[in-house]
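S.K.: my_file-v1.cif is reproduced in full below (mmCIF, C-alpha atoms).
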```
data_model
#
loop_
_atom_site.label_atom_id
_atom_site.label_comp_id
_atom_site.auth_asym_id
_atom_site.auth_seq_id
_atom_site.Cartn_x
_atom_site.Cartn_y
_atom_site.Cartn_z
CA MET V 1 107.60 74.54 204.12
CA LYS V 2 106.95 75.58 200.51
CA GLU V 3 108.81 78.87 201.11
CA SER V 4 111.87 77.03 202.47
CA MET V 5 111.87 74.79 199.38
CA GLU V 6 111.72 77.82 197.08
CA LYS V 7 114.65 79.38 198.97
CA ARG V 8 116.68 76.20 198.45
CA ILE V 9 115.87 76.28 194.73
CA GLU V 10 117.05 79.92 194.54
CA ALA V 11 120.27 79.05 196.39
CA SER V 12 121.05 76.06 194.13
CA ASP V 13 123.67 76.28 191.37
CA LEU V 14 121.17 75.74 188.54
CA PRO V 15 120.30 77.69 185.37
CA ASP V 16 117.45 80.23 185.71
CA ARG V 17 115.13 78.28 183.43
CA THR V 18 115.55 75.09 185.51
CA ARG V 19 114.80 77.05 188.68
CA GLU V 20 111.58 78.41 187.20
CA GLU V 21 110.54 74.89 186.10
CA MET V 22 111.23 73.61 189.63
CA LYS V 23 109.06 76.33 191.20
CA LYS V 24 106.25 75.49 188.77
CA PHE V 25 106.65 71.80 189.62
CA LEU V 26 106.28 72.63 193.34
CA GLY V 27 103.15 74.68 192.67
CA ASP V 28 101.49 71.82 190.78
CA ARG V 29 102.23 69.02 193.26
CA SER V 30 102.37 68.31 196.98
CA VAL V 31 105.87 67.02 197.75
CA THR V 32 107.33 66.01 201.12
CA GLU V 33 110.62 67.53 202.37
CA LYS V 34 112.41 64.21 201.88
CA GLN V 35 111.10 63.75 198.31
CA PHE V 36 112.00 67.34 197.47
CA THR V 37 115.57 66.91 198.77
CA HIS V 38 115.97 63.74 196.68
CA ILE V 39 114.60 65.45 193.51
CA LEU V 40 116.78 68.55 193.97
CA ASP V 41 119.93 66.46 194.59
CA ARG V 42 119.25 64.40 191.44
CA ILE V 43 118.73 67.52 189.31
CA VAL V 44 121.89 69.23 190.63
CA ARG V 45 123.90 66.02 190.08
CA GLU V 46 122.59 65.62 186.51
CA TYR V 47 123.31 69.28 185.78
CA GLN V 48 126.88 68.97 187.11
CA ASN V 49 127.41 65.87 184.96
CA THR V 50 126.28 67.64 181.80
CA ARG V 51 128.75 70.50 182.30
CA ILE V 52 131.97 70.17 180.36
CA GLU V 53 135.22 69.39 182.16
CA ALA V 54 137.92 72.02 182.37
CA CYS V 55 140.52 71.64 179.58
CA GLU V 56 138.10 69.55 177.46
CA ALA V 57 138.77 69.85 173.70
CA VAL V 58 135.24 71.06 172.88
CA GLY V 59 136.07 72.10 169.29
CA ILE V 60 137.44 68.65 168.39
CA VAL V 61 134.46 66.88 170.01
CA ALA V 62 132.00 69.17 168.18
CA ALA V 63 133.78 68.66 164.84
CA GLN V 64 133.78 64.88 165.33
CA SER V 65 130.12 64.83 166.45
CA ILE V 66 128.96 66.68 163.32
CA GLY V 67 131.53 65.32 160.85
CA GLU V 68 131.15 61.61 161.56
CA PRO V 69 127.36 61.43 161.02
CA GLY V 70 127.87 63.74 158.01
CA THR V 71 129.69 60.86 156.25
CA GLN V 72 126.45 58.83 156.40
CA MET V 73 124.25 61.49 154.81
CA THR V 74 122.87 61.10 151.30
CA MET V 75 123.43 63.58 148.50
CA ARG V 76 120.01 63.84 146.85
CA THR V 77 117.54 66.67 146.38
CA PHE V 78 114.20 65.79 147.92
CA HIS V 79 110.68 66.95 147.22
CA TYR V 80 109.59 69.40 149.89
CA ALA V 81 107.42 67.70 152.53
CA GLY V 82 104.78 66.39 150.13
CA VAL V 83 104.60 69.52 147.96
CA ALA V 84 105.04 68.17 144.44
CA GLU V 85 105.92 71.48 142.79
CA ILE V 86 108.75 72.60 145.08
CA ASN V 87 112.18 70.99 145.40
CA VAL V 88 114.56 71.74 148.25
CA THR V 89 118.17 70.71 148.79
CA LEU V 90 118.62 68.49 151.84
CA GLY V 91 121.24 66.12 153.21
CA LEU V 92 124.99 66.68 152.87
CA PRO V 93 124.83 69.41 150.18
CA ARG V 94 122.55 71.47 152.48
CA LEU V 95 124.85 70.96 155.48
CA ILE V 96 127.83 72.11 153.39
CA GLU V 97 125.83 75.19 152.27
CA ILE V 98 125.13 76.12 155.91
CA MET V 99 128.76 75.68 157.04
CA ASP V 100 130.06 77.55 153.98
CA ALA V 101 127.73 80.49 154.80
CA ARG V 102 126.65 80.74 151.13
CA ARG V 103 125.08 84.09 150.23
CA GLU V 104 122.31 82.27 148.36
CA PRO V 105 121.20 78.65 148.97
CA SER V 106 120.83 76.46 145.86
CA THR V 107 117.05 76.15 146.47
CA PRO V 108 115.86 79.19 148.46
CA THR V 109 112.44 78.59 150.05
CA MET V 110 110.20 80.29 152.60
CA THR V 111 107.51 79.04 154.97
CA ILE V 112 105.03 81.90 155.40
CA HIS V 113 102.63 81.70 158.34
CA LEU V 114 99.55 83.93 158.33
CA LYS V 115 97.86 85.99 161.03
CA SER V 116 94.86 84.38 162.77
CA ASP V 117 92.18 86.20 160.72
CA TYR V 118 93.82 84.98 157.46
CA SER V 119 95.13 81.50 158.38
CA GLY V 120 91.69 79.84 158.69
CA ASP V 121 90.20 81.22 155.44
CA ARG V 122 91.37 79.66 152.17
CA ASP V 123 90.23 82.62 150.04
CA ARG V 124 92.09 85.14 152.19
CA ALA V 125 95.17 82.90 152.22
CA ARG V 126 94.99 82.74 148.42
CA GLU V 127 94.79 86.55 148.28
CA VAL V 128 97.98 86.79 150.34
CA SER V 129 99.65 84.29 147.99
CA TRP V 130 98.79 86.57 145.03
CA GLN V 131 100.51 89.45 146.82
CA VAL V 132 103.61 87.25 147.25
CA GLU V 133 103.88 85.14 144.07
CA ALA V 134 105.53 86.87 141.11
CA ALA V 135 102.94 87.19 138.32
CA PRO V 136 104.11 88.30 134.83
CA LEU V 137 102.03 90.61 132.62
CA ALA V 138 101.19 87.66 130.33
CA GLU V 139 98.87 86.26 133.04
CA PHE V 140 96.61 89.34 132.98
CA GLY V 141 95.64 89.49 129.33
CA ASP V 142 96.55 88.84 125.67
CA ILE V 143 99.85 90.08 124.27
CA THR V 144 100.09 90.32 120.47
CA ILE V 145 102.76 91.63 118.12
CA ASP V 146 101.46 93.91 115.32
CA MET V 147 104.23 93.57 112.74
CA GLU V 148 102.59 95.96 110.27
CA LYS V 149 102.47 98.88 112.73
CA MET V 150 105.62 97.69 114.58
CA LEU V 151 104.14 97.61 118.07
CA VAL V 152 103.27 95.23 120.93
CA VAL V 153 99.60 95.31 122.01
CA VAL V 154 98.59 94.29 125.55
CA GLN V 155 94.84 93.81 126.01
CA LEU V 156 94.15 93.35 129.72
CA ASN V 157 91.43 90.95 130.86
CA THR V 158 89.42 92.85 133.50
CA ALA V 159 87.85 89.63 134.84
CA VAL V 160 91.35 88.34 135.74
CA THR V 161 92.45 91.64 137.29
CA GLU V 162 89.29 91.78 139.44
CA LYS V 163 89.69 88.17 140.56
CA ARG V 164 93.32 88.75 141.55
CA LYS V 165 92.46 92.02 143.32
CA ILE V 166 94.67 94.33 141.25
CA GLY V 167 93.42 97.43 139.44
CA VAL V 168 93.94 98.00 135.70
CA GLU V 169 95.44 101.43 136.47
CA LYS V 170 98.01 99.76 138.78
CA ILE V 171 99.16 97.38 136.00
CA ILE V 172 99.30 100.25 133.47
CA GLU V 173 101.46 102.25 135.89
CA VAL V 174 103.76 99.41 137.03
CA ALA V 175 104.50 97.54 133.76
CA PRO V 176 106.46 100.24 131.80
CA LYS V 177 108.24 101.40 134.97
CA LYS V 178 109.40 97.90 135.89
CA ILE V 179 110.62 97.10 132.36
CA LYS V 180 112.88 100.16 132.61
CA GLU V 181 113.98 99.73 136.23
CA ARG V 182 114.08 95.98 136.91
CA ARG V 183 114.69 94.62 133.39
CA HIS V 184 116.96 97.53 132.38
CA TYR V 185 115.38 97.94 128.94
CA ARG V 186 114.64 101.51 127.84
CA ASP V 187 114.43 101.47 124.03
CA PHE V 188 110.65 101.83 123.87
CA GLU V 189 107.73 104.20 124.30
CA CYS V 190 104.38 103.35 125.85
CA GLU V 191 100.86 104.57 125.00
CA VAL V 192 97.97 103.90 127.39
CA ASP V 193 94.21 103.56 126.89
CA GLU V 194 92.81 103.06 130.41
CA GLU V 195 89.16 102.97 129.25
CA ALA V 196 89.81 100.02 126.93
CA ALA V 197 92.37 98.49 129.39
CA ARG V 198 95.00 98.50 126.62
CA LEU V 199 98.73 99.27 126.50
CA LEU V 200 100.75 99.85 123.33
CA PHE V 201 104.52 99.38 123.43
CA LEU V 202 106.47 100.92 120.53
CA PRO V 203 110.20 100.20 119.99
CA LYS V 204 112.29 103.34 119.39
CA ASP V 205 113.97 101.69 116.40
CA ARG V 206 110.90 101.20 114.15
CA GLU V 207 112.91 99.41 111.43
CA SER V 208 114.20 96.43 113.41
CA TYR V 209 112.06 93.30 113.89
CA GLN V 210 114.67 92.00 116.34
CA ASN V 211 114.01 94.98 118.63
CA LEU V 212 110.26 94.40 118.34
CA PHE V 213 110.53 90.73 119.40
CA GLN V 214 112.97 91.65 122.17
CA LEU V 215 110.51 94.25 123.49
CA ALA V 216 107.65 91.68 123.32
CA GLU V 217 109.71 89.27 125.44
CA HIS V 218 110.28 91.95 128.11
CA VAL V 219 106.57 92.88 128.08
CA ARG V 220 105.48 89.25 128.50
CA ASN V 221 107.79 88.56 131.45
CA VAL V 222 107.65 91.81 133.43
CA ILE V 223 106.36 91.16 136.97
CA VAL V 224 103.31 93.33 137.70
CA GLN V 225 101.99 91.67 140.87
CA GLY V 226 103.76 89.94 143.75
CA ILE V 227 107.46 89.88 144.69
CA ASP V 228 110.02 89.46 141.90
CA ASP V 229 112.21 86.88 143.69
CA ILE V 230 109.36 84.49 144.57
CA GLU V 231 108.65 82.30 141.55
CA ARG V 232 105.97 80.01 142.98
CA VAL V 233 103.70 79.79 146.01
CA VAL V 234 101.85 76.70 147.21
CA VAL V 235 99.04 77.01 149.78
CA ARG V 236 98.69 74.02 152.12
CA LYS V 237 96.48 73.36 155.12
CA GLU V 238 98.38 72.00 158.11
CA GLU V 239 97.00 71.52 161.62
CA GLY V 240 93.93 73.62 160.90
CA GLU V 241 95.68 76.64 159.34
CA TYR V 242 96.77 77.61 155.82
CA ILE V 243 100.52 77.99 155.30
CA LEU V 244 102.29 79.31 152.18
CA TYR V 245 105.38 77.50 150.87
CA THR V 246 107.43 79.43 148.34
CA GLU V 247 110.10 78.77 145.76
CA GLY V 248 112.43 81.75 146.09
CA SER V 249 113.01 84.00 149.08
CA ASN V 250 112.66 87.69 149.92
CA LEU V 251 112.16 88.17 153.66
CA LYS V 252 112.10 91.98 153.65
CA ASP V 253 109.33 92.36 151.07
CA VAL V 254 107.25 89.43 152.41
CA PHE V 255 107.22 91.08 155.87
CA GLU V 256 105.48 94.11 154.32
CA VAL V 257 102.57 92.05 152.88
CA ASP V 258 99.28 92.37 154.81
CA GLY V 259 98.26 89.21 156.65
CA VAL V 260 101.77 87.73 157.04
CA ASP V 261 102.68 86.67 160.61
CA THR V 262 106.25 88.03 160.80
CA SER V 263 106.99 86.27 164.11
CA ARG V 264 106.62 82.75 162.61
CA THR V 265 107.60 83.24 158.95
CA ARG V 266 111.01 81.81 158.10
CA THR V 267 113.42 81.38 155.18
CA ASN V 268 116.30 78.96 154.59
CA ASN V 269 118.51 81.84 153.39
CA ILE V 270 120.71 82.52 156.45
CA SER V 271 122.52 85.58 155.05
CA GLU V 272 119.15 87.19 154.29
CA ILE V 273 118.08 86.60 157.91
CA ALA V 274 121.32 88.26 159.09
CA ASP V 275 120.68 91.30 156.84
CA VAL V 276 117.00 91.73 157.80
CA LEU V 277 116.74 90.49 161.40
CA GLY V 278 120.33 90.69 162.69
CA ILE V 279 123.15 88.37 163.75
CA GLU V 280 121.33 86.74 166.71
CA ALA V 281 118.50 85.61 164.41
CA ALA V 282 121.11 84.29 161.93
CA ARG V 283 122.79 82.29 164.71
CA ASN V 284 119.46 80.74 165.70
CA SER V 285 118.78 79.99 162.04
CA ILE V 286 122.13 78.19 161.62
CA ILE V 287 121.30 76.00 164.64
CA TYR V 288 117.75 75.30 163.41
CA GLU V 289 118.77 74.58 159.80
CA ALA V 290 121.69 72.31 160.75
CA LEU V 291 119.63 70.38 163.31
CA SER V 292 116.65 69.92 160.99
CA THR V 293 118.93 68.87 158.09
CA LEU V 294 120.52 66.18 160.29
CA ALA V 295 117.19 65.14 161.86
CA GLU V 296 115.60 64.74 158.41
CA GLN V 297 118.22 62.04 157.72
CA GLY V 298 117.50 60.38 161.07
CA ILE V 299 120.76 61.62 162.63
CA LEU V 300 120.62 63.00 166.17
CA VAL V 301 123.44 65.35 167.22
CA ASP V 302 123.52 67.13 170.59
CA VAL V 303 122.45 70.73 170.03
CA ARG V 304 125.46 72.07 171.98
CA HIS V 305 127.93 70.95 169.31
CA ILE V 306 125.98 72.86 166.66
CA MET V 307 125.56 75.85 169.02
CA LEU V 308 129.37 76.02 169.40
CA VAL V 309 129.82 76.04 165.60
CA ALA V 310 127.08 78.69 165.20
CA ASP V 311 128.73 80.84 167.91
CA MET V 312 132.09 80.61 166.13
CA MET V 313 130.50 81.56 162.80
CA CYS V 314 128.66 84.60 164.23
CA MET V 315 130.91 85.90 167.02
CA ASP V 316 132.29 88.84 164.98
CA GLY V 317 128.85 90.25 164.17
CA GLU V 318 128.65 88.77 160.67
CA VAL V 319 128.09 85.23 159.40
CA LYS V 320 131.47 83.71 158.47
CA GLN V 321 132.09 80.36 156.85
CA ILE V 322 134.13 77.65 158.57
CA GLY V 323 136.60 77.40 155.66
CA ARG V 324 139.72 79.28 154.59
CA HIS V 325 137.82 82.48 153.73
CA GLY V 326 136.36 82.56 157.24
CA ILE V 327 137.27 81.05 160.60
CA ALA V 328 140.04 78.63 159.50
CA GLY V 329 141.74 81.33 157.40
CA GLU V 330 141.75 83.85 160.26
CA LYS V 331 143.47 81.71 162.89
CA GLU V 332 146.46 83.23 164.65
CA SER V 333 148.60 80.14 164.08
CA VAL V 334 150.55 79.95 160.80
CA LEU V 335 150.90 76.14 160.95
CA SER V 336 147.20 75.68 161.65
CA ARG V 337 146.26 77.80 158.60
CA ALA V 338 148.82 75.97 156.45
CA ALA V 339 147.48 72.57 157.55
CA PHE V 340 144.00 73.45 156.35
CA GLU V 341 144.42 74.57 152.71
CA VAL V 342 146.86 76.28 150.29
CA THR V 343 149.84 75.30 152.47
CA VAL V 344 152.68 76.97 150.54
CA ASN V 345 150.94 80.37 150.25
CA HIS V 346 150.37 80.57 154.02
CA LEU V 347 153.96 79.61 154.86
CA LEU V 348 155.36 82.02 152.25
CA ASP V 349 153.20 84.94 153.42
CA ALA V 350 154.10 84.23 157.07
CA ALA V 351 157.83 84.11 156.26
CA VAL V 352 157.63 87.43 154.37
CA ALA V 353 155.65 89.05 157.22
CA ASN V 354 158.00 87.57 159.90
CA GLU V 355 155.11 85.95 161.80
CA VAL V 356 155.66 83.97 165.00
CA ASP V 357 153.63 80.85 165.90
CA GLU V 358 153.01 80.54 169.64
CA LEU V 359 151.93 76.87 169.32
CA ASN V 360 148.84 77.32 171.49
CA GLY V 361 146.30 75.34 169.45
CA VAL V 362 145.73 71.65 168.73
CA THR V 363 146.79 71.37 165.07
CA GLU V 364 150.13 73.16 165.35
CA ASN V 365 151.24 71.09 168.36
CA ILE V 366 150.43 67.84 166.54
CA ILE V 367 152.46 69.06 163.53
CA VAL V 368 155.59 69.69 165.65
CA GLY V 369 155.06 66.46 167.61
CA GLN V 370 154.41 67.71 171.12
CA PRO V 371 151.42 67.25 173.47
CA ILE V 372 148.46 69.54 172.84
CA GLN V 373 147.66 72.11 175.53
CA LEU V 374 144.36 70.51 176.50
CA GLY V 375 143.34 67.75 178.89
CA THR V 376 146.39 66.31 180.67
CA GLY V 377 148.63 68.29 178.30
CA ASP V 378 147.39 71.51 179.89
CA VAL V 379 149.12 70.73 183.18
CA LYS V 380 152.83 71.64 183.38
CA LEU V 381 155.15 69.63 185.62
CA ILE V 382 157.24 72.12 187.59
CA ALA V 383 159.28 69.75 189.76
CA LYS V 384 159.48 66.01 190.32
CA PRO V 385 158.86 64.95 193.94
CA MET V 386 161.94 63.66 195.79
CA HIS V 387 161.73 60.01 196.90
#
```
Please express what this file holds, its structure, as structure tokens.
M.R.:
Amino acid sequence: MKESMEKRIEASDLPDRTREEMKKFLGDRSVTEKQFTHILDRIVREYQNTRIEACEAVGIVAAQSIGEPGTQMTMRTFHYAGVAEINVTLGLPRLIEIMDARREPSTPTMTIHLKSDYSGDRDRAREVSWQVEAAPLAEFGDITIDMEKMLVVVQLNTAVTEKRKIGVEKIIEVAPKKIKERRHYRDFECEVDEEAARLLFLPKDRESYQNLFQLAEHVRNVIVQGIDDIERVVVRKEEGEYILYTEGSNLKDVFEVDGVDTSRTRTNNISEIADVLGIEAARNSIIYEALSTLAEQGILVDVRHIMLVADMMCMDGEVKQIGRHGIAGEKESVLSRAAFEVTVNHLLDAAVANEVDELNGVTENIIVGQPIQLGTGDVKLIAKPMH
């Protein structure tokens, strides 16, 4: 009897995942043939009802379903989930950022999960945070300006370097190199005394105090530990494990830090996800970010509307914005492009290029005053019946 039920599940017109759930359901319970038939019929009927009708204007429905609740969203920047130090943009500005496919969000943040042998130990979690958070040279010792000898003296504090698990020799090697490479400042020479944990920075122009103070500023702010783009890290304990929240985002470099669980770590920078993890991950991120932005405001939108928008944004293998520099600006129809933005330019360019509008879409048919080719408008009357 169980085998015949499984065969009926296999033969049904249901998605694979639903079939697997049904088989699991059968394995867990004893169900009579009659009950099983009733359950299967209900599931198939519900599934058929959720499928979209042929000729349904899915784009319009999706736009309305996201746009209408969007008018009720607030425009404030909230504190991040109880973390006092970190702000994150939410609400309508965040939704606009996602749909505009901005290269850089206004408040980039990351949620870094740790591997099991790190996530339960606060000290080990703190060590990972030191590898991630950008720490300037000023945090590792005293920096003084000797105006008589025209040099900047850095006296490293070995107690601090030991506590933060970074060797003096590493700082001595990294600091001058990073000033030249990352801060693009080369008008100096560096002398090192590793025994005394001291660095001396000498400006090339020994007459100018301005150069000396400029060099001191670069020395103070050069990042010698952590990742340059991540300004702050907060360690919080949630559901029995330590999680790092960051201000700033750099997915590629964070993935290379020991102890980071790459499968659960995420960023709100969608273009960075596309560059590092690929277009499928970016599509999933658009769906997740849009849904969580709406849900945070107490607005529930069916995931399929957002999935359709995400598919449109990612279908060419790169993340494109909805606006005139992306999907709307690349439409075949001249009238549809002109109706969106910069009307005259589109019409002028189309006239010069001798473009033809086939009037296949919704917008262009409304402009010329004829029925759209969807729903009942999709059906053409060939001949009237004779009475």
S.K.: Any chance you could resolve the PyMOL selection byres ((chain V and resi 327-335) around 8) against this file and give the residues as a PyMOL selection string?
M.R.: chain V and resi 312-313+320-326+336-340+346-347+350+355-361+363-364+367
S.K.: Using all atoms listed in the file, which residue out of V:Leu300, V:Leu90, V:Met150, V:Val254 lies closest to Thr107 of chain V?
M.R.: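 With all atoms listed in the file as the atom set, the closest residue is V:Leu90.
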S.K.: Tell me which residues the PyMOL selection byres ((chain V and resi 290) around 12) grabs here, as a PyMOL selection string.
M.R.: chain V and resi 66+70+90-101+268+270+283-289+291-297+299-307+309-310
S.K.: Quick one: distance from atom CA of Ser271 of chain V to atom CA of Glu133 of chain V in Å, one decimal?
M.R.: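 The value is 21.6 Å.
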S.K.: Work out how far apart atom CA of Gln35 of chain V and atom CA of Glu3 of chain V are and give it in Å to one decimal.
M.R.: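 Computing the Euclidean distance for atom CA of Gln35 of chain V and atom CA of Glu3 of chain V yields 15.5 Å.
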S.K.: Around segment 243-247 of chain V, fit a box with edges along x, y and z, padding it by 4 Å on each side, then list its centre and edge lengths in Å to one decimal as AutoDock Vina command-line options.
M.R.:
```
--center_x 105.3 --center_y 78.5 --center_z 150.5 --size_x 17.6 --size_y 9.9 --size_z 17.5
```
